[in-house]
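Trainee: The file below is my_file-v6.cif, mmCIF, C-alpha atoms:
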```
data_coords
loop_
_atom_site.label_atom_id
_atom_site.label_comp_id
_atom_site.auth_asym_id
_atom_site.auth_seq_id
_atom_site.Cartn_x
_atom_site.Cartn_y
_atom_site.Cartn_z
CA MET A 1 9.53 -4.20 16.81
CA SER A 2 5.86 -4.23 17.73
CA LYS A 3 3.64 -1.29 16.99
CA VAL A 4 3.66 1.25 19.83
CA PHE A 5 0.09 2.05 20.83
CA THR A 6 0.92 5.45 22.25
CA PRO A 7 1.28 8.45 19.89
CA LYS A 8 4.45 8.36 17.84
CA ASP A 9 5.64 11.56 16.19
CA CYS A 10 6.06 11.00 12.45
CA HIS A 11 6.65 14.50 11.15
CA ALA A 12 10.15 13.61 9.95
CA LEU A 13 8.81 10.61 8.04
CA MET A 14 6.00 12.72 6.63
CA ASN A 15 8.49 15.32 5.42
CA LEU A 16 10.58 12.60 3.78
CA LEU A 17 7.54 11.10 2.07
CA VAL A 18 6.42 14.45 0.75
CA ARG A 19 9.90 15.33 -0.51
CA GLN A 20 10.19 12.00 -2.31
CA GLY A 21 6.64 12.14 -3.57
CA THR A 22 7.07 15.63 -4.96
CA GLY A 23 10.46 15.01 -6.55
CA GLN A 24 12.38 17.27 -4.16
CA THR A 25 15.03 14.63 -3.56
CA ASP A 26 17.16 12.61 -5.94
CA ILE A 27 17.13 15.24 -8.72
CA SER A 28 19.96 15.69 -11.21
CA VAL A 29 21.09 19.29 -11.75
CA VAL A 30 20.09 20.81 -15.09
CA ASP A 31 21.34 24.32 -15.89
CA SER A 32 18.48 26.07 -17.66
CA SER A 33 19.26 29.55 -16.35
CA SER A 34 19.89 30.99 -19.80
CA PHE A 35 16.63 29.82 -21.33
CA VAL A 36 13.82 30.23 -18.80
CA SER A 37 12.28 33.28 -17.17
CA ALA A 38 11.82 32.02 -13.63
CA GLY A 39 11.26 35.26 -11.75
CA GLU A 40 13.92 37.14 -9.88
CA THR A 41 14.07 37.22 -6.12
CA LEU A 42 16.40 40.20 -5.75
CA LEU A 43 14.78 43.51 -6.58
CA ALA A 44 15.91 47.06 -5.92
CA THR A 45 12.66 47.95 -4.18
CA GLY A 46 13.58 45.74 -1.19
CA PHE A 47 11.40 43.45 0.95
CA GLU A 48 8.91 43.82 3.72
CA ASN A 49 10.54 42.75 6.98
CA VAL A 50 8.23 39.98 8.23
CA PHE A 51 8.54 37.26 5.60
CA ASN A 52 11.58 38.94 3.99
CA SER A 53 10.46 37.47 0.70
CA ILE A 54 7.73 39.84 -0.51
CA ASN A 55 9.06 42.81 -2.40
CA LEU A 56 7.48 46.20 -1.73
CA VAL A 57 4.77 47.66 -3.96
CA TYR A 58 5.31 46.91 -7.63
CA GLY A 59 3.21 47.42 -10.75
CA ARG A 60 1.35 44.07 -10.86
CA LEU A 61 0.78 41.16 -8.48
CA ILE A 62 0.66 37.48 -9.46
CA VAL A 63 -0.11 35.10 -6.60
CA ALA A 64 1.39 31.72 -7.56
CA SER A 65 -0.95 29.33 -5.82
CA ARG A 66 -3.36 26.70 -7.13
CA SER A 67 -5.51 24.28 -5.23
CA TYR A 68 -4.06 20.77 -4.94
CA LYS A 69 -6.05 17.68 -3.96
CA ALA A 70 -4.39 14.60 -2.54
CA ARG A 71 -4.26 11.53 -4.74
CA LEU A 72 -4.41 7.91 -3.59
CA THR A 73 -7.81 8.39 -2.02
CA LEU A 74 -9.06 4.90 -2.88
CA MET A 75 -8.24 3.43 0.53
CA ASP A 76 -11.38 2.91 2.57
CA ALA A 77 -11.21 4.82 5.82
CA ILE A 78 -12.45 3.99 9.27
CA SER A 79 -12.56 6.30 12.23
CA THR A 80 -11.87 5.53 15.87
CA GLU A 81 -11.92 9.26 16.68
CA GLU A 82 -10.32 10.55 19.83
CA TYR A 83 -11.06 7.74 22.28
CA SER A 84 -9.75 4.18 21.98
CA HIS A 85 -7.49 3.69 18.96
CA LEU A 86 -7.38 -0.08 19.34
CA ILE A 87 -9.24 -2.11 16.75
CA ARG A 88 -10.06 -5.78 17.26
CA LYS A 89 -10.44 -8.07 14.27
CA ILE A 90 -11.80 -11.52 15.01
CA SER A 91 -11.21 -14.24 12.40
CA PHE A 92 -12.26 -17.87 12.43
CA TYR A 93 -10.33 -21.00 11.52
CA SER A 94 -11.73 -23.48 9.07
CA LYS A 95 -12.76 -26.88 10.42
CA GLY A 96 -13.24 -30.15 8.56
CA ALA A 97 -16.20 -32.50 8.36
CA LYS A 98 -17.07 -35.08 10.99
CA PRO A 99 -17.52 -38.85 10.45
CA SER A 100 -21.08 -39.80 9.65
CA GLY A 101 -23.32 -40.95 12.51
CA ASN A 102 -26.42 -41.39 10.38
CA PHE A 103 -25.24 -44.57 8.69
CA ASN A 104 -23.15 -47.65 9.32
CA THR A 105 -19.89 -47.02 7.50
CA ASP A 106 -16.46 -48.55 7.00
CA LEU A 107 -15.32 -46.52 10.03
CA TYR A 108 -18.13 -46.82 12.53
CA THR A 109 -21.14 -48.99 13.36
CA ASN A 110 -23.73 -46.51 14.52
CA LEU A 111 -26.90 -48.52 14.10
CA ALA A 112 -27.03 -51.87 15.92
CA ASP A 113 -29.26 -53.61 18.42
CA GLY A 114 -28.29 -52.62 21.95
CA PHE A 115 -26.09 -49.67 20.91
CA THR A 116 -26.74 -46.44 22.76
CA ASN A 117 -26.43 -42.81 21.79
CA GLY A 118 -22.69 -42.78 22.36
CA GLN A 119 -19.39 -44.31 21.30
CA ASN A 120 -20.20 -47.91 22.33
CA LYS A 121 -16.62 -48.81 23.14
CA ASP A 122 -15.50 -52.40 22.75
CA ALA A 123 -13.52 -54.51 25.21
CA ASN A 124 -10.30 -52.75 24.21
CA GLY A 125 -11.78 -49.33 24.85
CA ASP A 126 -11.97 -48.42 21.14
CA ALA A 127 -15.01 -46.49 19.96
CA GLN A 128 -17.32 -48.46 17.66
CA SER A 129 -19.67 -45.52 17.07
CA THR A 130 -19.41 -41.76 16.69
CA LYS A 131 -19.95 -39.50 19.66
CA SER A 132 -23.44 -38.48 20.75
CA GLN A 133 -25.44 -35.58 19.43
CA TRP A 134 -24.27 -33.55 22.42
CA GLU A 135 -20.63 -33.44 21.29
CA GLN A 136 -19.53 -29.79 21.43
CA ASN A 137 -17.96 -28.31 18.31
CA THR A 138 -16.81 -24.70 18.48
CA GLN A 139 -15.40 -22.68 15.59
CA PRO A 140 -11.83 -21.77 16.66
CA SER A 141 -11.17 -18.06 16.49
CA VAL A 142 -8.24 -15.68 16.72
CA THR A 143 -8.23 -11.99 17.63
CA VAL A 144 -5.80 -9.57 16.02
CA THR A 145 -5.34 -6.06 17.38
CA PHE A 146 -4.50 -3.05 15.26
CA GLY A 147 -3.54 0.07 17.12
CA GLY A 148 -1.30 3.05 17.54
CA SER A 149 -1.25 6.68 16.52
CA ASP A 150 1.13 8.40 14.14
CA VAL A 151 0.98 12.11 14.79
CA TRP A 152 2.22 15.40 13.42
CA ASP A 153 1.34 19.10 13.51
CA ASN A 154 1.00 21.89 10.97
CA CYS A 155 0.96 25.59 11.77
CA ILE A 156 0.16 28.81 9.89
CA THR A 157 0.90 32.29 11.22
CA MET A 158 -1.34 35.24 10.35
CA TYR A 159 -0.21 38.83 10.90
CA GLU A 160 -2.71 41.49 11.84
CA ASP A 161 -1.33 44.56 10.08
CA GLN A 162 2.41 44.22 9.41
CA VAL A 163 2.31 43.00 5.79
CA GLN A 164 -0.18 45.43 4.26
CA GLN A 165 2.58 47.87 3.26
CA ALA A 166 3.66 45.41 0.58
CA PHE A 167 0.37 45.78 -1.32
CA ARG A 168 -1.42 48.57 -3.16
CA ASP A 169 -4.91 47.96 -1.78
CA GLU A 170 -7.15 45.60 0.13
CA ALA A 171 -7.93 43.54 -2.99
CA GLU A 172 -4.25 42.72 -3.53
CA PHE A 173 -3.79 41.90 0.13
CA ALA A 174 -6.84 39.63 0.00
CA ARG A 175 -5.39 37.81 -3.03
CA PHE A 176 -2.08 37.34 -1.22
CA THR A 177 -3.85 36.03 1.87
CA ALA A 178 -5.90 33.59 -0.20
CA GLY A 179 -2.75 32.25 -1.88
CA TYR A 180 -0.91 32.12 1.44
CA LEU A 181 -3.66 30.00 3.01
CA GLN A 182 -4.07 27.89 -0.14
CA GLU A 183 -0.43 26.80 -0.10
CA HIS A 184 -0.75 25.91 3.56
CA ALA A 185 -3.73 23.74 2.63
CA ASN A 186 -1.77 22.27 -0.29
CA ASP A 187 1.02 21.25 2.06
CA TYR A 188 -1.43 19.24 4.09
CA GLU A 189 -2.89 17.65 0.95
CA SER A 190 0.64 16.53 0.03
CA GLN A 191 1.04 15.11 3.51
CA ARG A 192 -2.27 13.21 3.17
CA GLU A 193 -1.08 11.82 -0.14
CA GLY A 194 2.31 10.96 1.34
CA TRP A 195 0.61 9.12 4.18
CA ASN A 196 -1.56 7.07 1.83
CA ARG A 197 1.44 6.37 -0.38
CA MET A 198 3.36 5.07 2.64
CA CYS A 199 0.46 2.76 3.48
CA LEU A 200 0.39 1.42 -0.09
CA LEU A 201 4.16 0.97 -0.15
CA ASN A 202 4.02 -0.99 3.08
CA ARG A 203 1.27 -3.20 1.65
CA ILE A 204 3.49 -3.91 -1.38
CA GLY A 205 6.59 -4.59 0.71
CA GLN A 206 4.67 -6.65 3.26
CA THR A 207 3.12 -8.85 0.57
CA VAL A 208 6.43 -9.48 -1.20
CA ASP A 209 8.35 -10.09 2.02
CA MET A 210 5.70 -12.53 3.28
CA SER A 211 5.09 -14.15 -0.11
CA SER A 212 6.58 -17.45 1.08
CA VAL A 213 3.58 -17.81 3.42
CA MET A 214 1.09 -16.00 1.16
CA ALA A 215 0.72 -18.41 -1.74
CA GLY A 216 0.69 -16.73 -5.16
CA SER A 217 0.81 -13.19 -3.78
CA ALA A 218 3.93 -11.93 -5.60
CA ILE A 219 3.81 -12.56 -9.36
CA ASN A 220 6.61 -11.81 -11.83
CA LEU A 221 4.77 -11.10 -15.06
CA THR A 222 7.91 -11.40 -17.19
CA TYR A 223 8.44 -14.94 -15.97
CA GLU A 224 4.77 -15.85 -16.40
CA PHE A 225 4.65 -14.54 -19.99
CA ASN A 226 7.81 -16.39 -21.01
CA GLN A 227 6.59 -19.58 -19.33
CA LYS A 228 3.26 -19.47 -21.15
CA PHE A 229 4.63 -18.80 -24.61
CA GLY A 230 8.03 -20.46 -24.39
CA THR A 231 9.82 -17.18 -25.08
CA ASN A 232 12.82 -15.51 -23.50
CA TYR A 233 11.90 -11.82 -23.73
CA THR A 234 13.25 -9.27 -21.29
CA SER A 235 10.96 -7.03 -19.27
CA GLU A 236 12.00 -4.07 -21.41
CA GLN A 237 11.06 -5.92 -24.60
CA LEU A 238 7.63 -6.77 -23.22
CA ARG A 239 7.03 -3.12 -22.31
CA THR A 240 8.06 -1.86 -25.75
CA THR A 241 8.44 -4.16 -28.77
CA TYR A 242 5.90 -6.72 -27.60
CA LEU A 243 3.62 -4.44 -25.58
CA LYS A 244 0.51 -5.39 -27.57
CA GLU A 245 1.09 -9.10 -26.96
CA PHE A 246 1.96 -8.47 -23.33
CA ALA A 247 -1.19 -6.37 -22.79
CA GLU A 248 -3.41 -9.11 -24.21
CA PHE A 249 -1.70 -11.68 -21.99
CA PHE A 250 -1.99 -9.45 -18.91
CA VAL A 251 -5.73 -8.82 -19.27
CA ALA A 252 -6.56 -12.53 -19.34
CA PHE A 253 -4.00 -13.37 -16.63
CA PHE A 254 -5.21 -10.54 -14.39
CA LYS A 255 -8.90 -11.44 -14.72
CA THR A 256 -8.13 -15.07 -13.98
CA HIS A 257 -6.46 -14.17 -10.70
CA LEU A 258 -9.31 -11.84 -9.75
CA GLU A 259 -11.62 -14.81 -10.20
CA TYR A 260 -9.33 -16.92 -8.02
CA MET A 261 -9.44 -14.25 -5.30
CA GLY A 262 -13.19 -14.80 -5.09
CA GLU A 263 -12.66 -18.42 -4.12
CA ARG A 264 -12.55 -19.27 -0.43
CA SER A 265 -9.03 -20.62 -0.11
CA THR A 266 -5.58 -20.29 1.43
CA ALA A 267 -4.19 -18.42 -1.60
CA TYR A 268 -2.92 -14.81 -1.61
CA HIS A 269 -2.94 -14.30 2.16
CA TRP A 270 -1.31 -15.49 5.40
CA THR A 271 -3.55 -18.17 6.86
CA MET A 272 -2.17 -17.88 10.41
CA PRO A 273 -1.96 -21.70 10.80
CA LYS A 274 -2.74 -23.13 14.21
CA THR A 275 -2.57 -26.74 15.39
CA ILE A 276 -5.58 -27.88 17.42
CA GLY A 277 -5.80 -31.47 18.60
CA GLY A 278 -2.97 -32.49 16.31
CA VAL A 279 -4.73 -31.03 13.24
CA GLU A 280 -3.55 -27.84 11.49
CA HIS A 281 -6.28 -25.27 10.98
CA ASN A 282 -6.12 -22.24 8.69
CA ILE A 283 -8.00 -18.99 8.16
CA LEU A 284 -9.70 -19.12 4.77
CA ARG A 285 -10.56 -15.91 2.94
CA HIS A 286 -12.38 -14.89 -0.20
CA THR A 287 -12.65 -11.48 -1.85
CA PRO A 288 -15.78 -10.78 -3.90
CA LEU A 289 -15.31 -8.54 -6.93
CA GLU A 290 -17.02 -5.61 -5.20
CA ASP A 291 -14.45 -5.72 -2.37
CA ILE A 292 -11.40 -5.66 -4.66
CA ARG A 293 -9.26 -2.52 -4.88
CA VAL A 294 -6.84 -2.10 -7.81
CA TYR A 295 -3.78 0.17 -8.03
CA MET A 296 -2.09 0.20 -11.44
CA TYR A 297 1.04 1.91 -12.77
CA SER A 298 -0.61 4.03 -15.43
CA ALA A 299 2.42 4.89 -17.58
CA LEU A 300 2.76 1.28 -18.74
CA TRP A 301 -0.69 1.27 -20.31
CA LYS A 302 -0.76 4.70 -21.98
CA ASP A 303 -0.27 3.20 -25.45
CA VAL A 304 -2.77 0.39 -24.94
CA GLU A 305 -5.40 1.87 -22.61
CA SER A 306 -8.15 1.11 -25.11
CA ARG A 307 -7.27 -2.58 -24.87
CA VAL A 308 -6.57 -2.95 -21.17
CA LEU A 309 -8.90 -0.76 -19.11
CA PRO A 310 -12.21 -1.52 -20.87
CA GLU A 311 -11.52 -5.23 -20.55
CA ILE A 312 -10.83 -5.06 -16.81
CA PHE A 313 -13.16 -2.26 -15.73
CA ASN A 314 -16.72 -2.61 -16.99
CA ASP A 315 -20.22 -3.13 -15.66
CA GLN A 316 -19.74 -6.89 -15.40
CA TYR A 317 -16.35 -6.75 -13.69
CA LEU A 318 -14.85 -3.84 -11.76
CA ASP A 319 -16.03 -0.25 -11.37
CA ILE A 320 -13.32 2.11 -12.60
CA ASP A 321 -14.72 4.99 -10.53
CA THR A 322 -14.80 3.27 -7.13
CA GLN A 323 -12.33 0.38 -7.32
CA TYR A 324 -9.44 1.65 -9.44
CA GLN A 325 -6.61 4.05 -8.67
CA PRO A 326 -4.14 4.93 -11.45
CA ILE A 327 -0.62 5.41 -10.09
CA SER A 328 1.75 7.74 -11.94
CA TYR A 329 4.57 6.77 -9.55
CA TRP A 330 4.83 4.48 -6.54
CA GLN A 331 7.39 6.23 -4.38
CA ASN A 332 9.52 8.86 -6.12
CA ASN A 333 8.88 11.00 -9.17
CA ALA A 334 12.26 12.72 -9.40
CA THR A 335 13.12 10.82 -12.58
CA VAL A 336 11.16 8.73 -15.06
CA ALA A 337 13.28 5.71 -14.13
CA ASN A 338 12.30 6.08 -10.47
CA ARG A 339 8.53 6.12 -11.04
CA PRO A 340 7.90 2.33 -11.23
CA LYS A 341 10.37 1.49 -8.44
CA VAL A 342 9.70 0.53 -4.83
CA SER A 343 12.20 0.42 -1.99
CA VAL A 344 10.72 -0.18 1.46
CA GLU A 345 11.35 -1.87 4.76
CA PRO A 346 7.80 -2.94 5.66
CA ALA A 347 5.99 -3.84 8.84
CA VAL A 348 5.32 -7.58 8.72
CA VAL A 349 4.20 -10.33 11.08
CA ASP A 350 6.44 -13.01 12.59
CA THR A 351 5.14 -16.20 10.94
CA ASP A 352 7.71 -18.61 12.42
CA THR A 353 5.72 -21.01 14.60
CA THR A 354 8.89 -22.00 16.46
CA HIS A 355 9.04 -18.47 17.89
CA THR A 356 6.63 -19.21 20.71
CA THR A 357 6.90 -15.75 22.27
CA THR A 358 6.79 -13.60 19.13
CA TYR A 359 4.68 -15.63 16.70
CA GLY A 360 1.96 -13.36 15.34
CA SER A 361 3.70 -10.20 16.56
CA GLN A 362 4.59 -7.26 14.32
CA ILE A 363 8.26 -7.06 13.34
CA LYS A 364 10.35 -5.18 10.81
CA GLY A 365 10.60 -7.03 7.51
CA ALA A 366 13.49 -7.38 5.12
CA LYS A 367 14.17 -4.58 2.66
CA VAL A 368 12.12 -4.99 -0.51
CA ASP A 369 13.49 -3.50 -3.75
CA LEU A 370 11.45 -3.81 -6.94
CA ASP A 371 12.48 -2.08 -10.15
CA TYR A 372 9.11 -2.25 -11.88
CA VAL A 373 5.80 -2.67 -10.07
CA VAL A 374 2.90 -3.07 -12.50
CA GLY A 375 0.00 -3.17 -10.08
CA VAL A 376 -1.46 -4.17 -6.73
CA VAL A 377 -4.76 -5.91 -6.08
CA THR A 378 -5.88 -5.97 -2.47
CA ASP A 379 -8.94 -6.79 -0.44
CA ARG A 380 -10.72 -3.68 0.80
CA ASP A 381 -10.11 -4.70 4.42
CA GLY A 382 -6.42 -5.38 3.85
CA LEU A 383 -5.44 -1.72 3.45
CA LEU A 384 -7.15 0.88 5.60
CA THR A 385 -6.45 4.29 7.03
CA ASP A 386 -7.74 4.92 10.55
CA PHE A 387 -8.51 8.62 10.88
CA GLN A 388 -8.35 9.47 14.56
CA ILE A 389 -7.90 13.21 14.99
CA GLU A 390 -7.84 16.15 12.60
CA SER A 391 -8.40 19.17 14.81
CA SER A 392 -7.37 22.80 14.56
CA ARG A 393 -6.98 25.45 17.25
CA THR A 394 -6.21 29.14 16.86
CA THR A 395 -4.34 31.22 19.41
CA PRO A 396 -5.40 34.72 20.49
CA VAL A 397 -3.51 37.62 18.94
CA GLU A 398 -0.08 38.06 20.45
CA ALA A 399 -0.65 41.52 21.91
CA ARG A 400 2.88 42.83 21.58
CA LYS A 401 3.80 41.44 18.16
CA GLY A 402 0.40 41.31 16.52
CA TYR A 403 0.10 37.80 15.08
CA ARG A 404 -1.91 34.64 15.68
CA ASN A 405 -1.18 30.96 14.98
CA THR A 406 -3.52 28.25 13.79
CA TRP A 407 -2.35 24.73 14.64
CA LEU A 408 -3.56 21.58 12.92
CA HIS A 409 -3.15 18.37 14.93
CA VAL A 410 -3.23 15.08 13.04
CA ALA A 411 -3.37 11.51 14.36
CA LYS A 412 -3.73 8.53 12.03
CA ASN A 413 -2.97 4.84 11.85
CA CYS A 414 -2.31 2.68 8.81
CA ILE A 415 -3.68 -0.86 8.77
CA CYS A 416 -2.01 -3.44 6.50
CA ASP A 417 -3.52 -6.84 7.24
CA PRO A 418 -1.61 -9.79 5.71
CA THR A 419 -4.49 -12.16 6.53
CA GLU A 420 -6.51 -10.47 3.75
CA LYS A 421 -5.84 -11.32 0.13
CA CYS A 422 -3.37 -9.27 -1.91
CA ILE A 423 -1.40 -9.72 -5.13
CA VAL A 424 1.60 -7.66 -6.26
CA PHE A 425 2.29 -7.82 -10.00
CA TYR A 426 5.83 -6.86 -10.97
CA MET A 427 8.34 -7.34 -13.77
CA ALA A 428 11.90 -8.60 -13.28
CA ASP A 429 14.43 -10.39 -15.43
CA PRO A 430 16.30 -13.47 -14.19
CA ALA A 431 19.52 -12.75 -12.38
CA PRO A 432 22.42 -12.97 -14.85
CA SER A 433 24.75 -15.92 -14.61
CA PRO A 434 28.15 -15.20 -13.06
CA THR A 435 30.52 -13.87 -15.73
CA PRO A 436 33.67 -16.02 -16.06
CA THR A 437 37.01 -14.33 -15.74
CA PRO A 438 38.26 -13.81 -19.32
CA THR A 439 41.34 -15.70 -20.36
CA SER A 440 43.80 -14.76 -23.07
CA ALA A 441 42.32 -17.49 -25.29
CA MET A 442 38.80 -16.13 -24.82
CA LEU A 443 39.92 -12.59 -25.59
CA SER A 444 41.73 -13.65 -28.72
CA THR A 445 38.70 -15.44 -30.20
CA SER A 446 35.92 -13.07 -29.11
CA SER A 447 35.98 -9.46 -30.14
CA ASN A 448 32.25 -8.63 -29.88
CA VAL A 449 30.44 -8.83 -26.54
CA THR A 450 26.65 -8.47 -26.31
CA ILE A 451 25.18 -7.60 -22.93
CA GLN A 452 21.49 -8.42 -22.52
CA GLU A 453 19.22 -6.81 -19.95
#
```
Rewrite the structure of this file - the entire thing - as structure tokens.
Mentor:
Amino acid sequence: MSKVFTPKDCHALMNLLVRQGTGQTDISVVDSSSFVSAGETLLATGFENVFNSINLVYGRLIVASRSYKARLTLMDAISTEEYSHLIRKISFYSKGAKPSGNFNTDLYTNLADGFTNGQNKDANGDAQSTKSQWEQNTQPSVTVTFGGSDVWDNCITMYEDQVQQAFRDEAEFARFTAGYLQEHANDYESQREGWNRMCLLNRIGQTVDMSSVMAGSAINLTYEFNQKFGTNYTSEQLRTTYLKEFAEFFVAFFKTHLEYMGERSTAYHWTMPKTIGGVEHNILRHTPLEDIRVYMYSALWKDVESRVLPEIFNDQYLDIDTQYQPISYWQNNATVANRPKVSVEPAVVDTDTTHTTTYGSQIKGAKVDLDYVVGVVTDRDGLLTDFQIESSRTTPVEARKGYRNTWLHVAKNCICDPTEKCIVFYMADPAPSPTPTPTSAMLSTSSNVTIQE
């Protein structure tokens, strides 16, 4: 369905993203209770009766809170602030050359005695010359609107004087308060990271789902390596046994495609084709090196960083500080096996020109499942976060119960533009051939079965 332009509450989605992104879901149970001192929650001294989780005065206080900063901050941000949240993006279609009017050619006679500044039609009404200098030629354009607000709230409650009994002095209480507020801030940092991760996941899913109309935008590196060298290695073999060879191949392959992205072409993006006067026109794009943004699954390159990163990120190519974001996991870090995976139902655009009423509208794409995403290269303008509102308000003290609340209100919008260039690099093995039903003859002559990845 199309994007709703009025505020849409996304706190449930945000909670899901944070839980996945912090490994709180999809975790196997490991019993380590006999080997680790994890701190006991039941103590004979009892608890204060507000939080019911802080034991009464004890010998020493450790406040378990550290500052956390959101990752995935590479996305360029724009701000529409609190007024209109609609963003117009005007693109222009490419037009071809016109027939020459400056010479007599095989198509037209433009220079002849008695000819005027016009088409000089013959007796059959056919033009013998090109049109006059006053022929109007506009550059066709198309306007795309990005809009909407995804909103959620955060709240922290501060008590005036009910919790002090749990601490020995003002210094301890101050340390508790600092940790209490720090964890509240950390929660929001995780939400910011979860939001950006959702935007990146949608960009990946959108690009793969629309790859049939975004030429060259989804590249299976396992296939490309085997095609180039005439091999039949599995993805796992390339990531382990032949990692050195694969890394050397990837650097050259990657840099080649970055160069191609700088060419003004129809590759790597949806061209939004439109027929005008019987001629199909397309939006052409190019992405200069300085406008490229790179997200790379870092675990793959740990053993060969000295070969890969210096080749790709250097003074003559890309800036590692401003254009590169290492990714330790794409969606879920609950297990090592989950880290390179992506599973998303993205927002896409209806590209079927026969759908006269919905062509160009936002729709829900097909589910995209990738087991191993290596990296994403996108145009700066293809993935943006629109920061609209981040405001906080604090209530007065509740006179009878002695507490105050501070509310944080958040409104954002994620922009994933398929008309800007993007490449998703992934690794996947060919689907296995259907296994024949074993017969008694097959079983009697084959005792060893080898299953390849």
Trainee: Which residue, A:Pro140, A:Gly147, A:Gly96, A:Gly278, has the smallest gap to Ala411 (chain A) when you use all atoms listed in the file?
Mentor: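 For Ala411 (chain A), the nearest of the given residues is A:Gly147.
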Trainee: Can you tell me how far CA of Tyr108 (chain A) sits from CA of Ser129 (chain A), in Å to one decimal?
Mentor: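 CA of Ser129 (chain A) lies 5.0 Å from CA of Tyr108 (chain A).
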Trainee: Could you state which residues are captured by the PyMOL selection byres ((chain A and resi 324) around 7) in this file, as a PyMOL selection string?
Mentor: chain A and resi 293-295+320-323+325-326
Trainee: For region 407-427 of chain A against region 337-361 of chain A, with a cut-off of 12 Å and counting only C-alpha atoms, what is the closest atom pair and its distance in Å to one decimal for every residue that makes the cut, ordered by chain and number, as a tab-separated table?
Mentor:
```
residue	atom	partner	partner_atom	distance
A:Cys414	CA	A:Ala347	CA	10.6
A:Ile415	CA	A:Ala347	CA	10.1
A:Cys416	CA	A:Ala347	CA	8.3
A:Asp417	CA	A:Val348	CA	9.0
A:Pro418	CA	A:Val348	CA	7.9
A:Thr419	CA	A:Val349	CA	10.0
A:Val424	CA	A:Val342	CA	11.6
A:Phe425	CA	A:Pro340	CA	11.7
A:Tyr426	CA	A:Pro340	CA	9.4
A:Met427	CA	A:Pro340	CA	10.0
```
Trainee: Evaluate the PyMOL selection byres ((chain A and resi 393-398) around 9) against this structure - the residues, as a list in words, please.
Mentor: Tyr159, Glu160, Ser391, Ser392, Ala399, Arg400, Lys401, Gly402, Tyr403, Arg404, Asn405, Thr406, Trp407, Leu408 and His409 of chain A
Trainee: Take the selection from the previous step and output its residues with C-alpha atoms, as a CSV table (one decimal), in the frame of the given file.
Mentor:
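Saved the output as out-v2.csv:
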```csv
chain,number,residue,atom,x,y,z
A,159,TYR,CA,-0.2,38.8,10.9
A,160,GLU,CA,-2.7,41.5,11.8
A,391,SER,CA,-8.4,19.2,14.8
A,392,SER,CA,-7.4,22.8,14.6
A,399,ALA,CA,-0.6,41.5,21.9
A,400,ARG,CA,2.9,42.8,21.6
A,401,LYS,CA,3.8,41.4,18.2
A,402,GLY,CA,0.4,41.3,16.5
A,403,TYR,CA,0.1,37.8,15.1
A,404,ARG,CA,-1.9,34.6,15.7
A,405,ASN,CA,-1.2,31.0,15.0
A,406,THR,CA,-3.5,28.2,13.8
A,407,TRP,CA,-2.4,24.7,14.6
A,408,LEU,CA,-3.6,21.6,12.9
A,409,HIS,CA,-3.2,18.4,14.9
```
